[in-house]
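What follows is the content of upload-v8.txt (compact mmCIF, C-alpha atoms).
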# COMPACT_ATOMS: atom_id res chain seq x y z
CA MET O 37 -73.44 3.30 -21.57
CA PHE O 38 -75.84 1.67 -24.01
CA TRP O 39 -78.30 4.55 -23.77
CA VAL O 40 -75.57 7.10 -24.37
CA LEU O 41 -74.50 5.28 -27.53
CA MET O 42 -78.10 5.02 -28.72
CA SER O 43 -78.61 8.71 -28.01
CA LEU O 44 -75.52 9.62 -30.04
CA LEU O 45 -76.64 7.33 -32.87
CA LEU O 46 -80.09 8.92 -32.92
CA LYS O 47 -78.54 12.40 -33.01
CA GLN O 48 -76.25 11.37 -35.88
CA LEU O 49 -79.15 9.91 -37.85
CA THR O 50 -81.28 13.01 -37.27
CA SER O 51 -78.45 15.29 -38.39
CA ALA O 52 -77.83 13.18 -41.47
CA PHE O 53 -81.55 13.29 -42.27
CA PHE O 54 -81.63 17.09 -42.04
CA LEU O 55 -78.55 17.31 -44.23
CA LEU O 56 -80.10 14.99 -46.80
CA ILE O 57 -83.41 16.88 -46.85
CA GLY O 58 -81.58 20.20 -47.13
CA LEU O 59 -79.53 19.01 -50.08
CA ILE O 60 -82.58 17.57 -51.84
CA VAL O 61 -84.61 20.76 -51.34
CA SER O 62 -81.74 23.02 -52.46
CA LEU O 63 -81.06 20.94 -55.56
CA SER O 64 -84.79 20.82 -56.31
CA TRP O 65 -84.85 24.61 -56.19
CA TYR O 66 -81.86 24.76 -58.52
CA GLU O 67 -83.13 22.22 -61.06
CA TRP O 68 -86.85 23.01 -61.01
CA LYS O 69 -87.60 25.62 -63.65
CA ASP O 70 -90.37 27.57 -61.90
CA SER O 71 -89.46 26.75 -58.33
CA PRO O 72 -90.67 28.97 -55.49
CA ILE O 73 -87.96 31.01 -53.80
CA TRP O 74 -88.88 29.70 -50.33
CA LEU O 75 -87.34 26.34 -51.19
CA LEU O 76 -83.84 27.80 -51.12
CA PRO O 77 -83.93 29.24 -47.56
CA ILE O 78 -85.55 26.06 -46.24
CA GLY O 79 -82.84 23.98 -47.91
CA ILE O 80 -80.05 26.16 -46.55
CA ILE O 81 -81.51 26.07 -43.03
CA CYS O 82 -81.80 22.27 -43.13
CA ILE O 83 -78.22 21.95 -44.41
CA LEU O 84 -76.93 24.19 -41.62
CA LEU O 85 -78.93 22.28 -38.99
CA GLY O 86 -77.51 19.02 -40.30
CA VAL O 87 -73.90 20.22 -40.30
CA VAL O 88 -74.16 21.83 -36.86
CA GLY O 89 -75.82 18.69 -35.51
CA VAL O 90 -73.06 16.45 -36.85
CA VAL O 91 -70.35 18.66 -35.38
CA LEU O 92 -72.04 18.85 -31.98
CA THR O 93 -72.56 15.08 -31.95
CA ILE O 94 -68.88 14.50 -32.71
CA VAL O 95 -67.89 16.87 -29.89
CA GLN O 96 -70.26 15.12 -27.48
CA ALA O 97 -68.91 11.69 -28.49
CA GLU O 98 -65.35 12.87 -27.83
CA GLU O 99 -66.35 14.20 -24.42
CA GLU O 100 -68.05 10.92 -23.56
CA ARG O 101 -65.00 8.95 -24.66
CA ASP O 102 -62.63 11.05 -22.56
CA SER O 103 -64.67 10.74 -19.37

Render the structure in this file as structure tokens.
Amino acid sequence: MFWVLMSLLLKQLTSAFFLLIGLIVSLSWYEWKDSPIWLLPIGIICILLGVVGVVLTIVQAEEERDS
């Protein structure tokens, strides 16, 4: 049980990290005057990975709680 909780916590932290990095990169692209265009797709991909990771972790936690 302990390892399952630690695994879920690690997944949540990783998802939150990707979300944070994606937001920072996207805002850097928006605020930086001569920013390269590749920052925007990288930021959007990181944001999507973070959101999908959070949702999947919540679903997995609910499944673990029910069983």

Worksheet item: Expressed in Å to a single decimal, how great is the separation between CA of Pro77 in chain O and CA of Val90 in chain O?
Response: 19.9 Å

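The two atoms in question, CA of Glu98 in chain O and CA of Leu49 in chain O, are spaced 17.3 Å apart.
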
Practice prompt. Compute the distance from (-79.3, 13.4, -38.3) to each atom, counting only C-alpha atoms, keep the residues with any atom at most 10 Å away, and return them as an NGL selection string; use the coordinates of the file.
Written response: :O and (44-56 or 85-90 or 93)

Let me see the file: selected residues, C-alpha atoms, as a short mmCIF file (atom, residue, chain, number, x, y, z; two decimals), in the coordinates of the input.
data_model
loop_
_atom_site.label_atom_id
_atom_site.label_comp_id
_atom_site.auth_asym_id
_atom_site.auth_seq_id
_atom_site.Cartn_x
_atom_site.Cartn_y
_atom_site.Cartn_z
CA LEU O 44 -75.52 9.62 -30.04
CA LEU O 45 -76.64 7.33 -32.87
CA LEU O 46 -80.09 8.92 -32.92
CA LYS O 47 -78.54 12.40 -33.01
CA GLN O 48 -76.25 11.37 -35.88
CA LEU O 49 -79.15 9.91 -37.85
CA THR O 50 -81.28 13.01 -37.27
CA SER O 51 -78.45 15.29 -38.39
CA ALA O 52 -77.83 13.18 -41.47
CA PHE O 53 -81.55 13.29 -42.27
CA PHE O 54 -81.63 17.09 -42.04
CA LEU O 55 -78.55 17.31 -44.23
CA LEU O 56 -80.10 14.99 -46.80
CA LEU O 85 -78.93 22.28 -38.99
CA GLY O 86 -77.51 19.02 -40.30
CA VAL O 87 -73.90 20.22 -40.30
CA VAL O 88 -74.16 21.83 -36.86
CA GLY O 89 -75.82 18.69 -35.51
CA VAL O 90 -73.06 16.45 -36.85
CA THR O 93 -72.56 15.08 -31.95
#

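Computed from the coordinates, the CA of Val91 in chain O to CA of Ser62 in chain O distance equals 21.0 Å.
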
Practice prompt. Tell me, as a VMD selection string, which residues lie within 12 Å of Arg101 in chain O, counting all atoms listed in the file; anything in the same chain fewer than 3 positions away does not count.
Written response: chain O and resid 37 40 to 41 44 94 to 98

Item to complete: Go through O:Lys69, O:Asp102, O:Leu59, O:Ser64 one by one, measure the shortest atom-to-atom distance of each to Ile81 in chain O using only C-alpha atoms, and give the residue with the smallest value.
Response: O:Leu59

Worksheet item: Between O:Gly58, O:Ser103, O:Leu92, O:Trp39, which one has atoms that come closest to Ile78 in chain O, using only C-alpha atoms?
Response: O:Gly58

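Take the candidates O:Ser43, O:Phe38, O:Trp74, O:Ile80 and check each one against Ile57 in chain O using all atoms listed in the file; the shortest distance goes to O:Ile80.
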